[in-house]
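The structure under discussion appears below in the form of structure tokens.
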Amino acid sequence: MADYGSVAALKERLNIEAADTSRDTLLASALAAASRAIDKATGRRFWLDDVPAQRVFNPRGRVASQDDGDLLLVDDIGSITGLIVELGSGGSYAPVTGYETSPDNALADGQAITGLLRVLGTWGTATTRVRITARFGWPAVPDAITEAALIQAARLYRRKDSPEGVTGSAEWGVVRLSRRDPDVWNLIEPYTLPGFG
């Protein structure tokens with residue numbers, strides 16, 4: 001798992017000197033928590049597998065019929081290096097070559113592949129399984145996700161100074177912290193899968 005930002009960038013946001021390492025453990029913990037919270041809120045992860053991993057998909061409920069074939073909705077794929085698609089059942093699989101990645105130009109646009117289109121074909125029957133070997137995740141962490149992680153990590157780090165979710169100042173008095181930061185939500189909302197958030 002990767003964090004969506006660096007401790008150095010978080011220190012800069014919090015006006016902590018780069019040479020001051022006394023709070024690095026707390027900062028790293030806040031950054032990791034913020035990154036995993038974004039994963040949970042969006043229903044996806046934005047780091048890319050180092051090596052291809054294998055996953056098996058049941059096409060039932062994952063196929064959208066289109067004019068030019070069936071589109072299989074898959075977990076985010078961030079690289080076509082090592083991409084292998086196979087169809088089968090009962091542990092026996094055969095390679096598939098007649099497919100296109102979707103959306104068009106996803107990787108070139110810095111986005112993940114989210115579907116495989118079987119051109120003028122189908123993804124099999126109710127007992128068929130699709131085995132995909134790929135580097136799952138995103139080709140690179142989007143800038144908006146990094147920004148959201150840093151904002152949320154700074155907020156989590158400061159929570160040690162606001163017990164019970166209450167903070168205050170001489171100028172404004174006591175203020176209750178909101179449950180969800182609106183800036184973080186605005187940054188991650190476009191990346192949220194339907195049914196999450």
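A note on labels: chains of the structure tokens are A, B, ... as shown, every chain counts residues from 1, and ligands are counted from 1 in their shown order.
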
Could you please write out, as a VMD selection string, every residue of segment 74-133 of chain A that DSSP assigns to strand (DSSP E)?
chain A and resid 74 to 89 92 to 95 99 to 102 113 to 119 129 to 133

With C-alpha atoms retained, write the just-selected residues as a PDB file, in the first residue's frame.
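Output (selection_12.pdb):
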```
ATOM      1  CA  VAL A  74     -13.300  -4.719 -13.842  1.00  0.00           C
ATOM      2  CA  ASP A  75     -11.270  -3.425 -10.928  1.00  0.00           C
ATOM      3  CA  ASP A  76      -9.063  -0.477 -11.911  1.00  0.00           C
ATOM      4  CA  ILE A  77      -6.134  -1.515 -14.117  1.00  0.00           C
ATOM      5  CA  GLY A  78      -3.232   0.947 -14.230  1.00  0.00           C
ATOM      6  CA  SER A  79      -0.944  -0.665 -16.809  1.00  0.00           C
ATOM      7  CA  ILE A  80      -1.285  -3.015 -19.765  1.00  0.00           C
ATOM      8  CA  THR A  81       2.212  -4.399 -19.127  1.00  0.00           C
ATOM      9  CA  GLY A  82       1.651  -8.047 -18.245  1.00  0.00           C
ATOM     10  CA  LEU A  83      -2.109  -7.862 -18.935  1.00  0.00           C
ATOM     11  CA  ILE A  84      -3.550 -11.333 -19.602  1.00  0.00           C
ATOM     12  CA  VAL A  85      -7.278 -12.035 -19.981  1.00  0.00           C
ATOM     13  CA  GLU A  86      -8.598 -15.601 -19.888  1.00  0.00           C
ATOM     14  CA  LEU A  87     -12.030 -17.250 -19.955  1.00  0.00           C
ATOM     15  CA  GLY A  88     -12.905 -20.518 -18.328  1.00  0.00           C
ATOM     16  CA  SER A  89     -14.649 -22.476 -15.623  1.00  0.00           C
ATOM     17  CA  SER A  92      -9.445 -24.490 -16.858  1.00  0.00           C
ATOM     18  CA  TYR A  93      -8.803 -21.189 -18.671  1.00  0.00           C
ATOM     19  CA  ALA A  94      -8.059 -20.177 -22.267  1.00  0.00           C
ATOM     20  CA  PRO A  95      -6.603 -16.824 -23.404  1.00  0.00           C
ATOM     21  CA  TYR A  99     -11.139  -7.294 -26.475  1.00  0.00           C
ATOM     22  CA  GLU A 100     -10.446  -3.577 -26.114  1.00  0.00           C
ATOM     23  CA  THR A 101      -9.759  -1.588 -22.975  1.00  0.00           C
ATOM     24  CA  SER A 102     -12.249   1.024 -21.796  1.00  0.00           C
ATOM     25  CA  ILE A 113      -8.874   1.081 -17.284  1.00  0.00           C
ATOM     26  CA  THR A 114     -12.260   0.177 -15.801  1.00  0.00           C
ATOM     27  CA  GLY A 115     -13.679  -2.163 -18.433  1.00  0.00           C
ATOM     28  CA  LEU A 116     -12.856  -4.675 -21.138  1.00  0.00           C
ATOM     29  CA  LEU A 117     -15.017  -4.609 -24.271  1.00  0.00           C
ATOM     30  CA  ARG A 118     -15.480  -7.935 -26.052  1.00  0.00           C
ATOM     31  CA  VAL A 119     -15.916  -6.587 -29.581  1.00  0.00           C
ATOM     32  CA  ARG A 129     -15.283 -16.904 -15.066  1.00  0.00           C
ATOM     33  CA  VAL A 130     -12.839 -14.282 -16.327  1.00  0.00           C
ATOM     34  CA  ARG A 131      -9.315 -14.498 -14.982  1.00  0.00           C
ATOM     35  CA  ILE A 132      -7.316 -11.292 -15.353  1.00  0.00           C
ATOM     36  CA  THR A 133      -3.643 -10.899 -14.664  1.00  0.00           C
TER      37      THR A 133
END
```

For the contact check between segment 67-168 of chain A and segment 4-9 of chain A, emit one row per residue of segment 67-168 of chain A within 12 Å, containing the shortest atom pair and the distance in Å rounded to one decimal, counting only C-alpha atoms, chain then rising number order, as a tab-separated table.
```
residue	atom	partner	partner_atom	distance
A:Trp138	CA	A:Tyr4	CA	11.9
A:Ala140	CA	A:Tyr4	CA	10.0
A:Val141	CA	A:Tyr4	CA	6.9
A:Pro142	CA	A:Tyr4	CA	8.9
A:Asp143	CA	A:Tyr4	CA	9.2
A:Ala144	CA	A:Tyr4	CA	9.9
A:Ile145	CA	A:Tyr4	CA	6.8
A:Thr146	CA	A:Tyr4	CA	4.9
A:Glu147	CA	A:Gly5	CA	7.9
A:Ala148	CA	A:Tyr4	CA	8.6
A:Ala149	CA	A:Tyr4	CA	5.9
A:Leu150	CA	A:Gly5	CA	6.4
A:Ile151	CA	A:Gly5	CA	10.2
A:Gln152	CA	A:Tyr4	CA	10.8
A:Ala153	CA	A:Gly5	CA	9.3
A:Ala154	CA	A:Ala9	CA	10.3
A:Tyr157	CA	A:Val7	CA	11.6
```

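Atom CA of Arg155 of chain A is found 9.8 Å from atom CA of Leu14 of chain A.
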
Run DSSP on the backbone and grab whatever in chain A lands in alpha helix (DSSP H); send it over as an MDAnalysis selection string.
chainID A and resid 7:13 24:42 143:158 182:188

Those same residues - N, CA and C atoms - I'd like them written as a short mmCIF file (atom, residue, chain, number, x, y, z; two decimals), in the first residue's frame.
```cif
data_model
loop_
_atom_site.label_atom_id
_atom_site.label_comp_id
_atom_site.auth_asym_id
_atom_site.auth_seq_id
_atom_site.Cartn_x
_atom_site.Cartn_y
_atom_site.Cartn_z
N VAL A 7 5.63 12.68 3.77
CA VAL A 7 5.77 13.34 5.07
C VAL A 7 6.39 14.72 4.87
N ALA A 8 7.33 14.84 3.92
CA ALA A 8 7.96 16.14 3.65
C ALA A 8 6.93 17.17 3.21
N ALA A 9 6.00 16.78 2.33
CA ALA A 9 4.96 17.70 1.88
C ALA A 9 4.01 18.06 3.02
N LEU A 10 3.73 17.10 3.88
CA LEU A 10 2.85 17.35 5.02
C LEU A 10 3.52 18.30 6.01
N LYS A 11 4.81 18.12 6.23
CA LYS A 11 5.55 19.04 7.11
C LYS A 11 5.49 20.47 6.58
N GLU A 12 5.64 20.61 5.28
CA GLU A 12 5.61 21.95 4.67
C GLU A 12 4.25 22.60 4.91
N ARG A 13 3.17 21.82 4.79
CA ARG A 13 1.82 22.34 5.03
C ARG A 13 1.60 22.77 6.46
N ASP A 24 7.76 12.79 12.97
CA ASP A 24 7.62 12.01 11.73
C ASP A 24 6.70 10.80 11.88
N THR A 25 6.77 10.12 13.01
CA THR A 25 5.92 8.94 13.21
C THR A 25 4.44 9.33 13.22
N LEU A 26 4.11 10.40 13.92
CA LEU A 26 2.72 10.87 13.95
C LEU A 26 2.26 11.34 12.58
N LEU A 27 3.13 12.04 11.87
CA LEU A 27 2.79 12.54 10.54
C LEU A 27 2.57 11.39 9.56
N ALA A 28 3.46 10.39 9.61
CA ALA A 28 3.32 9.22 8.72
C ALA A 28 2.04 8.46 9.02
N SER A 29 1.70 8.35 10.30
CA SER A 29 0.47 7.67 10.70
C SER A 29 -0.76 8.42 10.18
N ALA A 30 -0.75 9.74 10.30
CA ALA A 30 -1.88 10.55 9.81
C ALA A 30 -2.01 10.43 8.29
N LEU A 31 -0.88 10.43 7.59
CA LEU A 31 -0.91 10.33 6.13
C LEU A 31 -1.42 8.96 5.67
N ALA A 32 -0.99 7.91 6.35
CA ALA A 32 -1.47 6.56 6.02
C ALA A 32 -2.98 6.45 6.28
N ALA A 33 -3.43 6.97 7.41
CA ALA A 33 -4.86 6.92 7.74
C ALA A 33 -5.69 7.70 6.73
N ALA A 34 -5.21 8.88 6.34
CA ALA A 34 -5.93 9.69 5.35
C ALA A 34 -6.00 8.97 4.01
N SER A 35 -4.90 8.34 3.60
CA SER A 35 -4.86 7.63 2.32
C SER A 35 -5.83 6.46 2.31
N ARG A 36 -5.85 5.67 3.40
CA ARG A 36 -6.76 4.53 3.46
C ARG A 36 -8.21 4.98 3.57
N ALA A 37 -8.47 6.12 4.22
CA ALA A 37 -9.83 6.65 4.29
C ALA A 37 -10.32 7.06 2.91
N ILE A 38 -9.44 7.60 2.09
CA ILE A 38 -9.81 7.95 0.71
C ILE A 38 -10.12 6.69 -0.08
N ASP A 39 -9.32 5.63 0.10
CA ASP A 39 -9.60 4.36 -0.57
C ASP A 39 -11.01 3.88 -0.21
N LYS A 40 -11.32 3.93 1.09
CA LYS A 40 -12.62 3.43 1.56
C LYS A 40 -13.76 4.30 1.05
N ALA A 41 -13.58 5.61 1.06
CA ALA A 41 -14.65 6.52 0.63
C ALA A 41 -14.92 6.43 -0.87
N THR A 42 -13.88 6.20 -1.66
CA THR A 42 -14.05 6.16 -3.11
C THR A 42 -14.33 4.75 -3.64
N ASP A 143 -3.52 14.26 -8.96
CA ASP A 143 -3.17 15.42 -8.13
C ASP A 143 -4.26 15.72 -7.09
N ALA A 144 -5.52 15.58 -7.47
CA ALA A 144 -6.63 15.86 -6.55
C ALA A 144 -6.61 14.90 -5.36
N ILE A 145 -6.23 13.66 -5.59
CA ILE A 145 -6.18 12.67 -4.52
C ILE A 145 -5.02 12.99 -3.57
N THR A 146 -3.88 13.39 -4.12
CA THR A 146 -2.75 13.78 -3.28
C THR A 146 -3.12 14.98 -2.42
N GLU A 147 -3.76 15.97 -3.03
CA GLU A 147 -4.16 17.17 -2.29
C GLU A 147 -5.15 16.81 -1.18
N ALA A 148 -6.12 15.97 -1.48
CA ALA A 148 -7.11 15.55 -0.47
C ALA A 148 -6.43 14.81 0.68
N ALA A 149 -5.48 13.95 0.35
CA ALA A 149 -4.77 13.19 1.39
C ALA A 149 -3.98 14.12 2.31
N LEU A 150 -3.33 15.11 1.73
CA LEU A 150 -2.55 16.05 2.54
C LEU A 150 -3.45 16.91 3.43
N ILE A 151 -4.56 17.36 2.89
CA ILE A 151 -5.51 18.15 3.70
C ILE A 151 -6.02 17.31 4.86
N GLN A 152 -6.44 16.08 4.54
CA GLN A 152 -7.00 15.22 5.58
C GLN A 152 -5.94 14.80 6.59
N ALA A 153 -4.73 14.53 6.14
CA ALA A 153 -3.65 14.14 7.05
C ALA A 153 -3.32 15.29 8.01
N ALA A 154 -3.29 16.52 7.50
CA ALA A 154 -3.03 17.67 8.36
C ALA A 154 -4.14 17.80 9.41
N ARG A 155 -5.36 17.56 8.97
CA ARG A 155 -6.51 17.63 9.89
C ARG A 155 -6.40 16.55 10.96
N LEU A 156 -6.04 15.33 10.55
CA LEU A 156 -5.90 14.23 11.51
C LEU A 156 -4.76 14.50 12.49
N TYR A 157 -3.66 15.04 11.98
CA TYR A 157 -2.52 15.36 12.85
C TYR A 157 -2.93 16.38 13.91
N ARG A 158 -3.70 17.38 13.52
CA ARG A 158 -4.13 18.43 14.46
C ARG A 158 -5.18 17.95 15.46
N PRO A 182 -15.28 19.57 3.64
CA PRO A 182 -15.90 19.78 2.33
C PRO A 182 -14.87 19.86 1.20
N ASP A 183 -13.68 20.38 1.47
CA ASP A 183 -12.66 20.45 0.42
C ASP A 183 -12.16 19.05 0.04
N VAL A 184 -11.96 18.20 1.04
CA VAL A 184 -11.53 16.83 0.76
C VAL A 184 -12.61 16.13 -0.06
N TRP A 185 -13.86 16.28 0.34
CA TRP A 185 -14.95 15.61 -0.38
C TRP A 185 -15.05 16.12 -1.82
N ASN A 186 -14.92 17.42 -2.04
CA ASN A 186 -14.97 17.97 -3.40
C ASN A 186 -13.85 17.43 -4.27
N LEU A 187 -12.69 17.18 -3.68
CA LEU A 187 -11.56 16.66 -4.45
C LEU A 187 -11.72 15.18 -4.80
N ILE A 188 -12.28 14.39 -3.89
CA ILE A 188 -12.35 12.94 -4.15
C ILE A 188 -13.65 12.51 -4.82
#
```

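Between Arg55 of chain A and the residues A:Ala2, A:Ala19, A:Leu107, A:Phe136, the shortest atom-to-atom distance, using only C-alpha atoms, involves A:Phe136.
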
Near-Ala64 of chain A list (10 Å; only C-alpha atoms; drop same-chain fewer than 5 positions) as a ChimeraX atom specification
/A:59,69-73,115,117

Using the selection just defined, write its residues with N, CA and C atoms as a tab-separated table (two decimals), in the first residue's frame.
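After the write, again-v9.tsv holds the following:
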```
chain	number	residue	atom	x	y	z
A	59	PRO	N	-18.69	-12.74	-14.37
A	59	PRO	CA	-19.29	-11.71	-15.23
A	59	PRO	C	-20.71	-11.31	-14.85
A	69	GLY	N	-20.62	-4.72	-28.55
A	69	GLY	CA	-20.20	-5.89	-27.77
A	69	GLY	C	-20.53	-5.75	-26.31
A	70	ASP	N	-20.03	-6.69	-25.51
A	70	ASP	CA	-20.26	-6.67	-24.07
A	70	ASP	C	-19.07	-6.06	-23.35
A	71	LEU	N	-19.36	-5.13	-22.44
A	71	LEU	CA	-18.34	-4.47	-21.64
A	71	LEU	C	-18.32	-5.09	-20.25
A	72	LEU	N	-17.18	-5.70	-19.91
A	72	LEU	CA	-16.99	-6.28	-18.58
A	72	LEU	C	-16.37	-5.22	-17.68
A	73	LEU	N	-17.07	-4.88	-16.60
A	73	LEU	CA	-16.55	-3.90	-15.65
A	73	LEU	C	-15.57	-4.61	-14.72
A	115	GLY	N	-12.87	-1.17	-17.74
A	115	GLY	CA	-13.68	-2.16	-18.43
A	115	GLY	C	-12.94	-2.78	-19.60
A	117	LEU	N	-13.94	-4.45	-23.29
A	117	LEU	CA	-15.02	-4.61	-24.27
A	117	LEU	C	-14.71	-5.80	-25.16
```

Nearest to Gly90 of chain A by atom-to-atom distance, counting only C-alpha atoms, from A:Thr122, A:Thr127, A:Pro103, A:Phe57
A:Thr127

When you count only C-alpha atoms, which of these residues is closest to Arg62 of chain A: A:Thr97, A:Trp123, A:Asp49, A:Arg44?
A:Trp123

So how far away is atom CA of Asn58 of chain A from atom CA of Pro194 of chain A, in Å?
18.9 Å

Rounded to one decimal place, report the atom CA of Val96 of chain A-atom CA of Leu120 of chain A distance in Å.
13.4 Å
